[in-house]
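So this block is input06.pdb, PDB, C-alpha atoms:
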```
ATOM      1  CA  MET A 282     -22.924 242.307 213.446
ATOM      2  CA  GLN A 283     -21.962 238.646 214.075
ATOM      3  CA  ARG A 284     -23.708 237.544 210.900
ATOM      4  CA  SER A 285     -21.941 240.234 208.889
ATOM      5  CA  LEU A 286     -18.503 239.175 210.189
ATOM      6  CA  ARG A 287     -19.275 235.527 209.557
ATOM      7  CA  GLY A 288     -20.406 236.343 206.008
ATOM      8  CA  ARG A 289     -17.192 238.247 205.334
ATOM      9  CA  LEU A 290     -15.074 235.404 206.677
ATOM     10  CA  LEU A 291     -16.903 232.894 204.507
ATOM     11  CA  ALA A 292     -16.500 235.138 201.456
ATOM     12  CA  PHE A 293     -12.786 235.520 202.209
ATOM     13  CA  ALA A 294     -12.398 231.749 202.632
ATOM     14  CA  GLY A 295     -14.164 231.246 199.295
ATOM     15  CA  ILE A 296     -11.796 233.647 197.567
ATOM     16  CA  VAL A 297      -8.776 231.863 199.068
ATOM     17  CA  VAL A 298     -10.080 228.495 197.848
ATOM     18  CA  ILE A 299     -10.756 229.827 194.337
ATOM     19  CA  ALA A 300      -7.353 231.554 194.114
ATOM     20  CA  GLY A 301      -5.569 228.467 195.430
ATOM     21  CA  SER A 302      -7.381 226.215 192.966
ATOM     22  CA  ALA A 303      -6.524 228.547 190.088
ATOM     23  CA  TYR A 304      -2.848 228.585 191.127
ATOM     24  CA  LEU A 305      -2.708 224.773 191.339
ATOM     25  CA  PHE A 306      -4.406 224.435 187.949
ATOM     26  CA  LEU A 307      -1.979 226.868 186.290
ATOM     27  CA  ALA A 308       1.025 225.239 187.974
ATOM     28  CA  GLN A 309      -0.107 221.784 186.819
ATOM     29  CA  ALA A 310      -0.591 223.120 183.302
ATOM     30  CA  GLY A 311       2.963 224.478 183.398
ATOM     31  CA  VAL A 312       1.856 228.061 182.873
ATOM     32  CA  ILE A 313       3.333 229.277 186.173
ATOM     33  CA  GLY A 314       5.828 227.997 188.686
ATOM     34  CA  GLY A 315       8.614 227.035 186.323
ATOM     35  CA  PRO A 316       9.978 223.584 185.545
ATOM     36  CA  LYS A 317      10.412 221.214 188.451
ATOM     37  CA  GLY A 318      13.768 219.480 188.782
ATOM     38  CA  ILE A 319      15.640 221.884 186.520
ATOM     39  CA  GLU A 320      18.390 224.039 187.940
ATOM     40  CA  PRO A 321      17.791 227.738 187.386
ATOM     41  CA  ALA A 322      19.840 229.551 184.782
ATOM     42  CA  GLU A 323      22.612 231.710 186.233
ATOM     43  CA  ILE A 324      24.387 234.750 184.852
ATOM     44  CA  VAL A 325      28.170 234.336 184.927
ATOM     45  CA  GLY A 326      30.251 237.330 185.999
ATOM     46  CA  ALA A 327      32.059 239.254 183.277
ATOM     47  CA  PRO A 328      35.840 238.924 182.973
ATOM     48  CA  GLU A 329      37.775 241.546 184.936
ATOM     49  CA  GLY A 330      37.741 244.920 183.223
ATOM     50  CA  VAL A 331      34.938 243.913 180.851
ATOM     51  CA  GLU A 332      31.255 244.782 181.025
ATOM     52  CA  TYR A 333      28.351 242.861 179.594
ATOM     53  CA  GLY A 334      25.733 244.637 177.548
ATOM     54  CA  THR A 335      22.835 243.966 175.220
ATOM     55  CA  SER A 336      23.460 246.609 172.559
ATOM     56  CA  ARG A 337      25.163 245.948 169.258
ATOM     57  CA  GLY A 338      28.889 245.408 169.787
ATOM     58  CA  ASP A 339      28.570 244.624 173.516
ATOM     59  CA  LEU A 340      29.899 241.402 174.989
ATOM     60  CA  ALA A 341      26.779 239.271 175.462
ATOM     61  CA  PRO A 342      26.042 238.356 179.086
ATOM     62  CA  ASP A 343      27.355 234.850 179.683
ATOM     63  CA  PHE A 344      25.115 232.366 181.467
ATOM     64  CA  VAL A 345      24.821 228.736 182.500
ATOM     65  CA  PHE A 346      21.525 226.975 181.785
ATOM     66  CA  SER A 347      19.906 223.550 181.531
ATOM     67  CA  ASP A 348      18.599 221.923 178.401
ATOM     68  CA  LEU A 349      15.223 220.176 178.497
ATOM     69  CA  GLY A 350      16.993 216.972 179.532
ATOM     70  CA  GLY A 351      18.632 218.609 182.553
ATOM     71  CA  ASN A 352      22.171 218.824 181.077
ATOM     72  CA  ARG A 353      24.046 222.043 181.832
ATOM     73  CA  HIS A 354      25.499 224.313 179.135
ATOM     74  CA  GLN A 355      27.241 227.688 179.091
ATOM     75  CA  LEU A 356      26.815 230.310 176.391
ATOM     76  CA  SER A 357      30.579 230.921 176.140
ATOM     77  CA  ASP A 358      31.085 227.236 175.237
ATOM     78  CA  PHE A 359      29.686 228.137 171.814
ATOM     79  CA  ARG A 360      32.405 230.694 170.986
ATOM     80  CA  GLY A 361      33.659 230.200 167.466
ATOM     81  CA  LYS A 362      30.102 229.820 166.167
ATOM     82  CA  VAL A 363      27.385 232.353 165.617
ATOM     83  CA  VAL A 364      24.688 231.928 168.282
ATOM     84  CA  LEU A 365      21.054 232.810 167.769
ATOM     85  CA  LEU A 366      19.610 233.108 171.285
ATOM     86  CA  ASN A 367      15.818 232.944 171.129
ATOM     87  CA  PHE A 368      13.324 233.329 174.004
ATOM     88  CA  TRP A 369       9.966 231.590 173.475
ATOM     89  CA  ALA A 370       6.947 230.115 175.247
ATOM     90  CA  SER A 371       4.068 227.872 174.186
ATOM     91  CA  TRP A 372       1.496 230.566 175.059
ATOM     92  CA  CYS A 373       3.141 233.074 172.701
ATOM     93  CA  LEU A 374       1.234 233.238 169.391
ATOM     94  CA  PRO A 375       4.015 235.059 167.487
ATOM     95  CA  CYS A 376       6.427 232.333 168.693
ATOM     96  CA  ALA A 377       4.250 229.729 166.952
ATOM     97  CA  PHE A 378       4.596 231.739 163.742
ATOM     98  CA  GLU A 379       8.379 231.998 164.082
ATOM     99  CA  MET A 380       9.277 228.524 165.425
ATOM    100  CA  PRO A 381       9.114 226.539 162.144
ATOM    101  CA  GLU A 382      11.367 229.057 160.393
ATOM    102  CA  LEU A 383      13.749 229.111 163.354
ATOM    103  CA  ALA A 384      14.057 225.320 163.114
ATOM    104  CA  GLN A 385      14.511 225.540 159.333
ATOM    105  CA  PHE A 386      17.283 228.118 159.851
ATOM    106  CA  GLN A 387      19.054 225.837 162.359
ATOM    107  CA  ASN A 388      18.798 222.851 160.006
ATOM    108  CA  ALA A 389      20.285 224.867 157.129
ATOM    109  CA  HIS A 390      23.239 226.161 159.193
ATOM    110  CA  ARG A 391      24.072 223.400 161.714
ATOM    111  CA  ASP A 392      27.838 223.722 161.145
ATOM    112  CA  GLU A 393      28.044 227.482 161.590
ATOM    113  CA  VAL A 394      25.139 228.494 163.845
ATOM    114  CA  ALA A 395      24.011 227.302 167.258
ATOM    115  CA  VAL A 396      20.387 228.187 167.912
ATOM    116  CA  ILE A 397      19.750 228.246 171.662
ATOM    117  CA  ALA A 398      15.983 228.241 172.110
ATOM    118  CA  LEU A 399      15.241 229.149 175.739
ATOM    119  CA  ASN A 400      11.765 228.396 177.008
ATOM    120  CA  ARG A 401      10.429 230.893 179.535
ATOM    121  CA  ALA A 402       9.374 229.246 182.813
ATOM    122  CA  GLU A 403       7.123 226.466 181.541
ATOM    123  CA  SER A 404       7.106 222.817 182.582
ATOM    124  CA  LEU A 405       9.530 220.520 180.802
ATOM    125  CA  ASP A 406       6.687 218.342 179.525
ATOM    126  CA  ARG A 407       4.885 221.347 178.076
ATOM    127  CA  ALA A 408       8.055 222.676 176.385
ATOM    128  CA  ARG A 409       9.031 219.267 174.960
ATOM    129  CA  SER A 410       5.504 218.551 173.755
ATOM    130  CA  TYR A 411       5.297 221.937 172.086
ATOM    131  CA  LEU A 412       8.603 221.489 170.208
ATOM    132  CA  ASP A 413       7.652 217.950 169.175
ATOM    133  CA  GLY A 414       4.384 219.264 167.734
ATOM    134  CA  VAL A 415       5.848 222.062 165.603
ATOM    135  CA  THR A 416       5.002 221.495 161.927
ATOM    136  CA  LEU A 417       7.990 222.326 159.747
ATOM    137  CA  PRO A 418       7.749 223.840 156.248
ATOM    138  CA  ASP A 419       8.324 220.387 154.652
ATOM    139  CA  GLY A 420       5.350 218.952 156.592
ATOM    140  CA  SER A 421       7.434 216.963 159.085
ATOM    141  CA  LYS A 422       6.970 217.412 162.839
ATOM    142  CA  GLY A 423       9.409 218.470 165.531
ATOM    143  CA  ALA A 424      11.674 221.481 165.974
ATOM    144  CA  SER A 425      15.239 220.742 167.014
ATOM    145  CA  PHE A 426      18.030 223.137 167.853
ATOM    146  CA  ALA A 427      21.650 223.077 168.987
ATOM    147  CA  VAL A 428      20.149 223.412 172.468
ATOM    148  CA  ALA A 429      16.508 223.579 173.513
ATOM    149  CA  GLY A 430      16.872 225.011 176.994
ATOM    150  CA  SER A 431      14.983 226.367 179.964
ATOM    151  CA  ASP A 432      15.036 229.726 181.706
ATOM    152  CA  PRO A 433      12.797 228.715 184.647
ATOM    153  CA  THR A 434      13.036 231.982 186.582
ATOM    154  CA  ASP A 435      13.419 234.370 183.605
ATOM    155  CA  ALA A 436      16.903 235.286 184.884
ATOM    156  CA  VAL A 437      18.435 235.287 181.398
ATOM    157  CA  TYR A 438      15.410 236.952 179.772
ATOM    158  CA  GLU A 439      15.586 239.785 182.317
ATOM    159  CA  ARG A 440      19.379 240.166 182.054
ATOM    160  CA  TYR A 441      19.111 240.480 178.283
ATOM    161  CA  ARG A 442      16.425 243.134 178.771
ATOM    162  CA  ALA A 443      14.286 241.411 176.179
ATOM    163  CA  LEU A 444      11.118 243.194 175.142
ATOM    164  CA  GLY A 445       8.054 241.117 174.387
ATOM    165  CA  MET A 446       7.964 237.697 172.842
ATOM    166  CA  PRO A 447       9.641 236.175 170.999
ATOM    167  CA  ALA A 448      12.964 237.936 171.420
ATOM    168  CA  SER A 449      16.137 237.022 169.539
ATOM    169  CA  PHE A 450      19.804 237.970 169.821
ATOM    170  CA  PHE A 451      22.423 237.177 167.185
ATOM    171  CA  ILE A 452      25.762 236.762 168.967
ATOM    172  CA  ASP A 453      28.898 236.672 166.835
ATOM    173  CA  SER A 454      31.651 234.069 167.057
ATOM    174  CA  ALA A 455      33.576 236.276 169.518
ATOM    175  CA  GLY A 456      30.589 236.523 171.869
ATOM    176  CA  ARG A 457      29.404 240.021 170.965
ATOM    177  CA  ILE A 458      25.843 241.135 170.199
ATOM    178  CA  ALA A 459      25.502 241.559 166.432
ATOM    179  CA  HIS A 460      21.729 241.939 165.956
ATOM    180  CA  THR A 461      18.593 241.956 168.090
ATOM    181  CA  ALA A 462      14.950 241.356 167.220
ATOM    182  CA  ASN A 463      11.905 241.921 169.389
ATOM    183  CA  GLY A 464       8.992 240.036 167.910
ATOM    184  CA  PRO A 465       8.999 237.282 165.299
ATOM    185  CA  ILE A 466      11.612 237.240 162.576
ATOM    186  CA  LEU A 467      11.241 235.588 159.190
ATOM    187  CA  LEU A 468      13.742 233.136 157.721
ATOM    188  CA  GLU A 469      14.818 235.787 155.217
ATOM    189  CA  GLN A 470      15.623 238.190 158.084
ATOM    190  CA  MET A 471      17.599 235.466 159.878
ATOM    191  CA  GLU A 472      19.628 234.859 156.719
ATOM    192  CA  GLU A 473      20.298 238.602 156.330
ATOM    193  CA  ALA A 474      21.421 238.870 159.968
ATOM    194  CA  LEU A 475      23.716 235.854 159.580
ATOM    195  CA  ALA A 476      25.282 237.331 156.436
ATOM    196  CA  THR A 477      26.377 240.410 158.425
ATOM    197  CA  THR A 478      27.413 238.619 161.641
ATOM    198  CA  PRO A 479      31.152 237.871 161.930
TER     199      PRO A 479
END
```

Take the structure I supplied and represent it as structure tokens, if you would.
Amino acid sequence: MQRSLRGRLLAFAGIVVIAGSAYLFLAQAGVIGGPKGIEPAEIVGAPEGVEYGTSRGDLAPDFVFSDLGGNRHQLSDFRGKVVLLNFWASWCLPCAFEMPELAQFQNAHRDEVAVIALNRAESLDRARSYLDGVTLPDGSKGASFAVAGSDPTDAVYERYRALGMPASFFIDSAGRIAHTANGPILLEQMEEALATTP
């Protein structure tokens, strides 16, 4: 009986050590735990008498977030421009397919569109390194956007009720949802959405 209890305790201790090691490895790799030193994104309350929503025509939920340098931004600061809000992560294979075209779209429409590319809960180093390594259609390296930001706790992703990855929301110049896309979108589809977004 004693030997059996001791064996169980040793097995349990082994499992704890393995699980703890796996957690530390994943946290160090930036896969879990979120970025250190970055303030979490926060949803801002809707104006009195107004409700936020994520369907076409709804006022897009406003939020405050940090860029990958730690500077704070607010979605509503971009009113007057079309916003393409995109949720991505380095582990997302469809994101890798979409990212070069997303960067190309931003470069082609810098004066009229603000692409906000929100990374989902990865380390800042991992997110920066990933964006720096994106190969663009012209062969150059590095994806840049109006804001490359962080959603370290998935607060914005969950509030937008995004499905899968990547997920994109076209928000018109008045702050209303114009189009949504779950999964990767091609440059041609981005252009079509922009053409019908006020």

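Restricting the calculation to all atoms listed in the file, the smallest distance between Ala474 (chain A) and any of A:Val363, A:Leu374, A:Ala402, A:Pro433 is found for A:Val363.
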
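Comparing the minimum interatomic distances between Asp432 (chain A) and each of A:Cys373, A:Ile397, A:Leu365, A:Leu417, counting all atoms listed in the file, we find that A:Ile397 sits nearest.
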
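As for CA of Gly430 (chain A) and CA of Phe359 (chain A), they are spaced 14.2 Å apart.
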
Give me, as a PyMOL selection string, all polymer residues having an atom no more than 8 Å from Pro342 (chain A), counting all atoms listed in the file and skipping those fewer than 6 positions away in the same chain.
chain A and resi 324-325+327+333-335+440-441

Quick one: which residues end up in the PyMOL selection byres ((chain A and resi 455) around 9) for this structure, as JSON, numbers by chain?
{"A": [340, 360, 361, 362, 363, 452, 453, 454, 456, 457, 479]}

Contacts of region 406-410 of chain A at 8 Å or less, counting all atoms listed in the file, minus same-chain residues fewer than 2 places along, as JSON, numbers by chain?
{"A": [310, 311, 349, 370, 371, 400, 403, 404, 412, 413, 414]}

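With distances restricted to all atoms listed in the file, A:Val437 is the closest residue to Ala322 (chain A) from A:Val428, A:Val396, A:Val437, A:Val415.
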
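Residues with any atom within 9 Å of region 444-450 of chain A, counting only C-alpha atoms and excluding same-chain neighbours fewer than 5 positions away, are Thr335, Val364, Leu365, Leu366, Asn367, Phe368, Trp369, Ala370, Cys373, Leu374, Pro375, Cys376, Glu379, Tyr438, Ile458, Ala459, His460, Thr461, Ala462, Asn463, Gly464, Pro465 and Ile466 of chain A.
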